[in-house]
Amino acid sequence: MTAQIIDGNALAARIRAEVQGRTDALKARGIVPHLVIVLVGDDPASQVYTKHKVNDSEQTGLKATLERYPATLSESDLLERIRVLNGDSSVHGILVQLPLPKHMDAHKVIEAISPAKDVDGFHVSSAGALMVGQPGFWPCTPHGCLRMLDEIGYDLKGRNAVVIGRSNIVGKPMAMMLLGRNATVTICHSQTRDLRAHTLQADVIVAAVGKRNVVTAEMVKPGAVVIDVGMNRNDAGKLCGDVDFEGVKQVAGWITPVPGGVGPMTRAMLLVNTIEAAQRASG
Ligand code: NAP
């Protein structure tokens with residue numbers, strides 16, 4: 001069997017077109033959806049990510065403002081700025097780019113964002129809303145993964161899903177989303193004994209580890225759906241995921257590539273959360 005590829009670029013393009021349509025409709029009512037991205041310090045990767053977020057927003061008609069502050073900004077000044085943004089009705093989404101400088105408590109900063117504007121979905125309120133099945137903002141990466149499963153029409157009900165990785169922004173919310181779709185979910189992590197025994201039972205595998213070749217062909221049940229969240233570099237310095245793509249492709253039914261899989265979906269889902277925030281705020 002050769003797996004079908006789930007094309008994240010193509011799906012993300014369709015999602016951006018949907019966002020554009022929703023943005024146009026809001027603008028026709030005089031509302032300009034507005035995302036503010038706060039970048040503290042000069043981490044090179046963060047500079048690239050925030051630039052992408054601004055470009056993606058502007059290309060779908062959303063207004064995006066990048067606020068840059070030096071690494072020396074005090075935590076209290078950042079908290080004060082977030083307080084002002086929370087109260088500004090022309091701002092619908094607030095995203096504080098992580099990581100923050102060492103002298104700041106990222107948890108405290110994220111908790112300062114109004115849950116109504118938490119388009120990254122990292123606030124405890126957002127996590128709680130996901131846990132109890134209430135409306136909130138879902139973190140972009142697992143949300144994008146779920147949209148990929150929807151795209152192929154995959155019915156998760158009663159299926160075995162294995163999520164490898166338990167971070168607060170990917171693994172845990174992914175598991176909750178799969179559970180919300182009535183899958184039977186196993187979360188694996190670095191202390192899991194015999195990972196292969198779990199993955200071999202899985203109809204769906206989501207790998208969110210950050211290590212190459214965590215999932216290889218002999219770990220995958222024939223026909224399974226394999227979603228690769230990982231972002232790593234191979235020996236040639238090229239971007240690759242956690243999954244041995246060439247090997248697993250021969251066994252899986254569906255597979256996401258890296259690059260061109262979860263990455264563009266993550267970017268697209270931020271736009272979805274932002275337009276959603278603007279629509280909720282406008283009633
Ligand atoms: P993280 O916070 O470092 O979490 C990694 C998880 O992997 C941890 O739960 C860890 O277990 C587990 N793990 C480590 N080694 C393992 C092993 N050998 N077997 C099983 N589990 C193992 O990372 P993250 O933020 O969730 O990100 C994960 C990956 O996704 C990274 O490569 C990141 O760059 C990528 N990512 C991609 C996107 C995208 O848009 N494509 C977005 C976000 C993240 P413990 O909890 O026991 O330590």
# chains A, B, ... in the order shown; residues from 1 in each chain; ligands from 1
$ closest_atom_pairs --of "chain A" --to "ligand 1" --cutoff "9 Å" --atoms "only C-alpha atoms and all ligand atoms" --output "tab-separated table"
residue	atom	partner	partner_atom_place_in_ligand_line	distance
A:Cys140	CA	ligand 1	40 (O)	7.9
A:Thr141	CA	ligand 1	42 (C)	5.3
A:Pro142	CA	ligand 1	42 (C)	8.3
A:Gly144	CA	ligand 1	40 (O)	8.6
A:Ile164	CA	ligand 1	21 (N)	5.4
A:Gly165	CA	ligand 1	9 (O)	3.6
A:Arg166	CA	ligand 1	9 (O)	3.7
A:Ser167	CA	ligand 1	26 (O)	4.4
A:Asn168	CA	ligand 1	26 (O)	7.1
A:Ile169	CA	ligand 1	26 (O)	6.2
A:Val170	CA	ligand 1	26 (O)	4.9
A:Gly171	CA	ligand 1	26 (O)	5.9
A:Lys172	CA	ligand 1	26 (O)	8.7
A:Ile187	CA	ligand 1	9 (O)	8.9
A:Cys188	CA	ligand 1	20 (C)	5.9
A:His189	CA	ligand 1	21 (N)	3.4
A:Ser190	CA	ligand 1	22 (C)	3.7
A:Gln191	CA	ligand 1	47 (O)	5.4
A:Thr192	CA	ligand 1	20 (C)	6.5
A:Leu195	CA	ligand 1	20 (C)	7.0
A:Ala207	CA	ligand 1	29 (C)	7.7
A:Ala208	CA	ligand 1	28 (C)	4.1
A:Val209	CA	ligand 1	7 (O)	3.5
A:Gly210	CA	ligand 1	32 (O)	3.0
A:Lys211	CA	ligand 1	32 (O)	6.5
A:Arg212	CA	ligand 1	32 (O)	8.7
A:Val214	CA	ligand 1	18 (N)	6.3
A:Val215	CA	ligand 1	19 (N)	9.0
A:Asp228	CA	ligand 1	41 (N)	7.9
A:Val229	CA	ligand 1	30 (O)	4.7
A:Gly230	CA	ligand 1	32 (O)	3.6
A:Met231	CA	ligand 1	32 (O)	3.9
A:Asn232	CA	ligand 1	32 (O)	5.8
A:Gly241	CA	ligand 1	32 (O)	7.0
A:Asp242	CA	ligand 1	32 (O)	7.2
A:Val258	CA	ligand 1	41 (N)	8.0
A:Pro259	CA	ligand 1	41 (N)	8.2
A:Gly261	CA	ligand 1	41 (N)	7.4
A:Val262	CA	ligand 1	41 (N)	4.7
A:Gly263	CA	ligand 1	41 (N)	3.7
A:Pro264	CA	ligand 1	40 (O)	6.9
A:Met265	CA	ligand 1	40 (O)	7.1
A:Thr266	CA	ligand 1	40 (O)	4.8
A:Arg267	CA	ligand 1	40 (O)	7.0
$ select_by_dssp --residues "segment 38-137 of chain A" --states "helix (DSSP H, G or I)" --output "PyMOL selection string"
chain A and resi 44-59+75-87+106-112+115-117+124-132
$ select_by_dssp --residues "segment 1-201 of chain A" --states "strand (DSSP E)" --output "PyMOL selection string"
chain A and resi 4-5+34-40+63-69+93-96+160-164+184-188
$ closest_residue --among "A:Leu73, A:Pro135, A:Ala161, A:Ile37" --to "Asn55 of chain A" --atoms "only C-alpha atoms"
A:Ile37
$ residues_around --residues "Ser90 of chain A" --least-positions-apart "5" --cutoff "10 Å" --atoms "only C-alpha atoms" --output "MDAnalysis selection string"
chainID A and resid 31:35 85 278 281
$ residues_around --residues "Asn182 of chain A" --least-positions-apart "5" --cutoff "12 Å" --atoms "only C-alpha atoms" --output "VMD selection string"
chain A and resid 155 to 161 175 to 177
$ residues_around --residues "Asn86 of chain A" --least-positions-apart "6" --cutoff "9 Å" --atoms "only C-alpha atoms" --output "list in words"
His92, Gly93, Ile94, Ala112, Ile113, Ser114, Ala116 and Lys117 of chain A
$ write_last_selection --atoms "N, CA, C and O atoms" --output "tab-separated table (two decimals), in the first residue's frame"
chain	number	residue	atom	x	y	z
A	92	HIS	N	-9.15	42.43	18.15
A	92	HIS	CA	-9.94	41.21	18.37
A	92	HIS	C	-9.11	40.02	18.82
A	92	HIS	O	-9.62	39.13	19.49
A	93	GLY	N	-7.84	40.00	18.41
A	93	GLY	CA	-6.97	38.89	18.80
A	93	GLY	C	-5.64	39.42	19.31
A	93	GLY	O	-5.11	40.41	18.77
A	94	ILE	N	-5.14	38.79	20.38
A	94	ILE	CA	-3.82	39.17	20.92
A	94	ILE	C	-2.97	37.90	20.97
A	94	ILE	O	-3.39	36.88	21.52
A	112	ALA	N	-2.69	36.83	31.32
A	112	ALA	CA	-3.14	38.23	31.33
A	112	ALA	C	-3.99	38.56	30.09
A	112	ALA	O	-4.74	39.54	30.09
A	113	ILE	N	-3.88	37.74	29.06
A	113	ILE	CA	-4.65	37.99	27.83
A	113	ILE	C	-6.12	37.66	28.10
A	113	ILE	O	-6.44	36.64	28.71
A	114	SER	N	-7.00	38.53	27.64
A	114	SER	CA	-8.43	38.24	27.77
A	114	SER	C	-8.75	36.93	27.03
A	114	SER	O	-8.38	36.78	25.86
A	116	ALA	N	-11.29	36.11	25.59
A	116	ALA	CA	-12.05	36.42	24.37
A	116	ALA	C	-11.13	36.79	23.21
A	116	ALA	O	-11.56	36.82	22.05
A	117	LYS	N	-9.86	37.10	23.53
A	117	LYS	CA	-8.90	37.51	22.48
A	117	LYS	C	-7.74	36.53	22.37
A	117	LYS	O	-6.76	36.79	21.68
$ atom_distance --atom1 "atom CA of Met174 of chain A" --atom2 "atom CA of Ile5 of chain A"
20.4 Å
$ atom_distance --atom1 "atom CA of Gly253 of chain A" --atom2 "atom CA of Leu270 of chain A"
28.1 Å
$ atom_distance --atom1 "atom CA of Asp244 of chain A" --atom2 "atom CA of Lys221 of chain A"
14.3 Å
$ residues_around --residues "Glu151 of chain A" --least-positions-apart "3" --cutoff "9 Å" --atoms "only C-alpha atoms" --output "count of residues only"
6
$ residues_around --residues "Ala224 of chain A" --least-positions-apart "3" --cutoff "8 Å" --atoms "only C-alpha atoms" --output "MDAnalysis selection string"
chainID A and resid 202:205 220:221 251:254
$ write_last_selection --atoms "N, CA and C atoms" --output "PDB file, in the first residue's frame"
ATOM      1  N   ALA A 202      -3.048   1.542  16.718  1.00  0.00           N
ATOM      2  CA  ALA A 202      -3.683   2.826  16.411  1.00  0.00           C
ATOM      3  C   ALA A 202      -4.232   2.897  14.992  1.00  0.00           C
ATOM      4  N   ASP A 203      -5.457   3.435  14.905  1.00  0.00           N
ATOM      5  CA  ASP A 203      -6.017   3.788  13.599  1.00  0.00           C
ATOM      6  C   ASP A 203      -5.504   5.157  13.169  1.00  0.00           C
ATOM      7  N   VAL A 204      -5.200   5.971  14.181  1.00  0.00           N
ATOM      8  CA  VAL A 204      -4.670   7.319  13.926  1.00  0.00           C
ATOM      9  C   VAL A 204      -3.466   7.530  14.832  1.00  0.00           C
ATOM     10  N   ILE A 205      -2.378   7.988  14.263  1.00  0.00           N
ATOM     11  CA  ILE A 205      -1.191   8.333  15.057  1.00  0.00           C
ATOM     12  C   ILE A 205      -0.900   9.812  14.827  1.00  0.00           C
ATOM     13  N   VAL A 220       3.559   0.940  12.520  1.00  0.00           N
ATOM     14  CA  VAL A 220       2.291   1.448  12.003  1.00  0.00           C
ATOM     15  C   VAL A 220       1.416   0.313  11.491  1.00  0.00           C
ATOM     16  N   LYS A 221       0.161   0.351  11.902  1.00  0.00           N
ATOM     17  CA  LYS A 221      -0.816  -0.636  11.421  1.00  0.00           C
ATOM     18  C   LYS A 221      -1.154  -0.315   9.960  1.00  0.00           C
ATOM     19  N   VAL A 251       3.098   1.834   4.348  1.00  0.00           N
ATOM     20  CA  VAL A 251       2.222   1.061   5.236  1.00  0.00           C
ATOM     21  C   VAL A 251       0.916   1.808   5.544  1.00  0.00           C
ATOM     22  N   ALA A 252       1.031   3.103   5.754  1.00  0.00           N
ATOM     23  CA  ALA A 252      -0.126   3.900   6.192  1.00  0.00           C
ATOM     24  C   ALA A 252      -1.149   4.040   5.070  1.00  0.00           C
ATOM     25  N   GLY A 253      -2.374   4.421   5.473  1.00  0.00           N
ATOM     26  CA  GLY A 253      -3.416   4.714   4.489  1.00  0.00           C
ATOM     27  C   GLY A 253      -3.374   6.179   4.073  1.00  0.00           C
ATOM     28  N   TRP A 254      -3.059   7.028   5.072  1.00  0.00           N
ATOM     29  CA  TRP A 254      -2.953   8.475   4.853  1.00  0.00           C
ATOM     30  C   TRP A 254      -1.747   8.968   5.624  1.00  0.00           C
TER      31      TRP A 254
END
$ closest_residue --among "A:Thr60, A:Ser74, A:Gln97, A:Asn273" --to "Pro44 of chain A" --atoms "only C-alpha atoms"
A:Gln97
